[in-house]
>>> print(open('target25.cif').read())   # mmCIF, C-alpha atoms
data_data
loop_
_atom_site.label_atom_id
_atom_site.label_comp_id
_atom_site.auth_asym_id
_atom_site.auth_seq_id
_atom_site.Cartn_x
_atom_site.Cartn_y
_atom_site.Cartn_z
CA MET A 1 14.53 7.33 12.06
CA ALA A 2 14.23 5.29 8.88
CA GLN A 3 14.44 7.01 5.52
CA TRP A 4 12.88 6.12 2.18
CA GLY A 5 16.12 4.43 1.08
CA ARG A 6 16.80 3.73 -2.60
CA GLY A 7 13.30 4.66 -3.67
CA VAL A 8 9.59 4.46 -3.05
CA THR A 9 7.38 1.66 -4.33
CA VAL A 10 3.84 2.87 -5.00
CA GLU A 11 0.64 0.84 -4.58
CA ASP A 12 -1.27 0.25 -7.82
CA GLY A 13 -3.50 3.18 -8.74
CA MET A 14 -1.89 5.66 -6.33
CA PHE A 15 0.57 7.35 -8.75
CA TYR A 16 -0.66 10.58 -10.32
CA ALA A 17 2.34 12.52 -11.69
CA CYS A 18 5.99 13.48 -11.11
CA ASP A 19 8.52 15.94 -12.44
CA GLY A 20 11.23 14.97 -14.92
CA THR A 21 13.93 14.55 -12.27
CA ILE A 22 12.22 11.50 -10.76
CA LYS A 23 13.32 8.16 -12.21
CA ARG A 24 10.42 5.79 -12.80
CA SER A 25 10.85 2.04 -13.07
CA VAL A 26 8.70 -1.05 -12.89
CA THR A 27 9.41 -3.45 -10.04
CA ALA A 28 8.39 -7.08 -10.28
CA ARG A 29 7.10 -8.81 -7.16
CA LYS A 30 9.81 -10.95 -5.61
CA THR A 31 7.50 -13.68 -4.38
CA VAL A 32 4.56 -15.50 -5.91
CA SER A 33 2.59 -14.97 -2.69
CA SER A 34 2.69 -11.19 -3.01
CA ALA A 35 1.37 -11.32 -6.57
CA VAL A 36 -1.17 -14.13 -6.42
CA LEU A 37 -2.43 -14.59 -2.87
CA GLY A 38 -2.86 -10.91 -2.12
CA ASN A 39 -4.41 -10.08 -5.49
CA GLU A 40 -1.76 -7.37 -5.72
CA GLY A 41 -0.62 -7.90 -9.31
CA LEU A 42 2.82 -8.75 -10.64
CA PHE A 43 4.34 -5.27 -10.86
CA ASN A 44 4.54 -1.95 -9.03
CA LEU A 45 5.91 1.46 -9.94
CA THR A 46 9.08 2.52 -8.14
CA LEU A 47 10.15 6.17 -7.93
CA SER A 48 13.71 7.25 -7.11
CA GLY A 49 15.80 10.40 -7.13
CA GLU A 50 15.02 13.90 -5.94
CA GLY A 51 12.03 15.92 -7.05
CA ILE A 52 8.29 16.16 -6.68
CA ALA A 53 5.86 13.27 -7.05
CA VAL A 54 2.10 13.40 -6.64
CA LEU A 55 0.24 10.38 -5.29
CA GLU A 56 -3.50 9.91 -5.08
CA SER A 57 -4.99 9.02 -1.72
CA ASN A 58 -8.55 8.63 -0.52
CA VAL A 59 -7.75 10.66 2.62
CA PRO A 60 -6.03 14.04 3.18
CA GLU A 61 -2.25 14.01 3.62
CA GLU A 62 -2.48 14.88 7.33
CA GLU A 63 -4.50 11.70 7.96
CA LEU A 64 -1.92 9.38 6.40
CA VAL A 65 0.16 7.35 8.86
CA CYS A 66 3.92 7.00 8.36
CA VAL A 67 5.47 3.98 10.07
CA ASP A 68 9.25 3.77 10.37
CA LEU A 69 10.71 0.27 10.61
CA GLU A 70 14.18 -0.52 11.98
CA ASN A 71 14.88 -4.20 11.25
CA ASP A 72 11.25 -4.87 12.09
CA GLU A 73 8.02 -5.90 10.39
CA ILE A 74 4.50 -4.60 10.03
CA ARG A 75 1.43 -6.55 8.91
CA ILE A 76 -1.42 -4.58 7.41
CA ASP A 77 -4.69 -5.42 5.76
CA GLY A 78 -4.99 -5.37 1.98
CA ASN A 79 -4.05 -2.25 0.11
CA MET A 80 -3.94 0.10 3.10
CA ALA A 81 -0.38 0.99 2.10
CA VAL A 82 -0.03 3.97 -0.21
CA CYS A 83 3.71 3.49 -0.71
CA TRP A 84 6.74 1.95 0.98
CA SER A 85 10.53 2.05 0.89
CA SER A 86 11.79 -0.07 -1.97
CA ASP A 87 14.38 -1.55 0.40
CA LEU A 88 11.65 -3.31 2.41
CA GLN A 89 10.85 -6.95 1.70
CA PHE A 90 7.18 -7.24 0.76
CA THR A 91 5.19 -10.49 1.00
CA VAL A 92 1.59 -11.55 1.43
CA GLU A 93 0.98 -14.06 4.21
CA LYS A 94 -1.84 -15.73 6.13
CA SER A 95 -3.22 -13.50 8.88
CA THR A 96 -2.98 -16.36 11.40
CA LYS A 97 -0.92 -19.54 11.67
CA SER A 98 -3.49 -21.71 9.90
CA LEU A 99 -5.65 -21.30 6.80
CA VAL A 100 -8.73 -22.16 8.86
CA GLY A 101 -7.88 -19.47 11.42
CA SER A 102 -7.30 -16.94 8.65
CA ALA A 103 -10.65 -17.80 7.07
CA ILE A 104 -12.50 -17.60 10.41
CA SER A 105 -10.91 -14.25 11.30
CA GLY A 106 -12.22 -12.79 8.05
CA GLU A 107 -8.81 -11.33 7.22
CA GLY A 108 -7.48 -14.15 5.07
CA PHE A 109 -4.16 -12.66 3.95
CA VAL A 110 -2.22 -9.58 5.05
CA ASN A 111 0.58 -7.55 3.50
CA VAL A 112 3.85 -7.93 5.39
CA TYR A 113 6.72 -5.43 5.14
CA ARG A 114 10.07 -6.41 6.69
CA GLY A 115 13.38 -4.64 7.12
CA THR A 116 14.38 -1.02 7.55
CA GLY A 117 12.40 1.70 5.83
CA ARG A 118 9.03 3.42 5.79
CA VAL A 119 5.45 2.50 5.02
CA LEU A 120 2.92 5.26 4.32
CA MET A 121 -0.57 3.99 5.14
CA SER A 122 -4.12 5.18 4.77
CA PRO A 123 -6.26 4.73 7.90
CA VAL A 124 -9.17 3.52 5.73
CA ALA A 125 -9.39 1.10 2.83
CA ASP A 126 -9.35 2.43 -0.72
CA SER A 127 -12.84 2.76 -2.12
CA GLY A 128 -11.50 2.42 -5.66
CA SER A 129 -12.25 6.02 -6.55
CA TRP A 130 -11.96 9.34 -4.76
CA LEU A 131 -15.09 10.52 -6.57
CA ARG A 132 -17.07 7.50 -5.37
CA ALA A 133 -15.78 7.96 -1.83
CA ALA A 134 -16.77 11.65 -1.78
CA ALA A 135 -20.10 11.27 -3.60
CA PRO A 136 -23.22 11.89 -1.53
CA VAL A 137 -25.47 8.94 -0.87
CA LYS A 138 -29.17 9.34 -1.73
CA ALA A 139 -31.75 7.66 0.45
CA ASN A 140 -35.35 7.14 -0.48
CA ALA A 141 -37.88 7.57 2.30
CA ALA A 142 -40.18 4.61 2.86
CA LYS A 143 -43.72 5.22 1.67
#
>>> encode(input="target25.cif", output="structure tokens")
Amino acid sequence: MAQWGRGVTVEDGMFYACDGTIKRSVTARKTVSSAVLGNEGLFNLTLSGEGIAVLESNVPEEELVCVDLENDEIRIDGNMAVCWSSDLQFTVEKSTKSLVGSAISGEGFVNVYRGTGRVLMSPVADSGSWLRAAAPVKANAAK
């Protein structure tokens, strides 16, 4: 089974806190595609060492999906990843072989993780805020 490797790279907005034994560093995207095409930004936070880290997620921990890769790849939509092994190669690529096909499918671009390591994913897309996701919706009855 794959391990986290040298560290864990955290999706933007998912880091909450960690204890003093965790080393924090900023990791620059290795490819232009991962920064520009996927609207992912130029940098991510990487955590390494032993200790406790707290990440924010829009679903409970037991609903998160951990995928172990062994010299393999996984393609996932948008920012469904909460964090991934820093050893994995991360790129953003077209969802199909052609730009037209990607546009027609509605997916456009997907995040691709290659190598050996782990990806921790949320089964639903981030709503941007846990409070917004949990807030009740008011409906007005038609008069």
>>> resolve_selection(input="target25.cif", expression="the PyMOL selection byres ((chain A and resi 79-86) around 8)", output="list in words")
Gln3, Trp4, Gly5, Arg6, Gly7, Val8, Thr9, Val10, Glu11, Met14, Thr46, Ser57, Ile76, Asp77, Gly78, Asp87, Leu88, Gln89, Asn111, Gly117, Arg118, Val119, Leu120, Met121, Ser122, Pro123, Val124, Ala125 and Asp126 of chain A
>>> resolve_selection(input="target25.cif", expression="the PyMOL selection byres ((chain A and resi 53) around 8)", output="list in words")
Tyr16, Ala17, Cys18, Asp19, Ile22, Gly51, Ile52, Val54 and Leu55 of chain A
>>> atom_distance(input="target25.cif", atom1="CA of Val26 in chain A", atom2="CA of Leu47 in chain A")
8.9 Å
>>> resolve_selection(input="target25.cif", expression="the PyMOL selection byres ((chain A and resi 94) around 6)", output="JSON, numbers by chain")
{"A": [93, 95, 96, 108, 109]}
>>> atom_distance(input="target25.cif", atom1="CA of Glu73 in chain A", atom2="CA of Thr116 in chain A")
8.5 Å
>>> closest_residue(input="target25.cif", among="A:Glu50, A:Phe90, A:Leu64, A:Phe15", to="Arg29 in chain A", atoms="only C-alpha atoms")
A:Phe90
>>> atom_distance(input="target25.cif", atom1="CA of Arg75 in chain A", atom2="CA of Arg114 in chain A")
8.9 Å
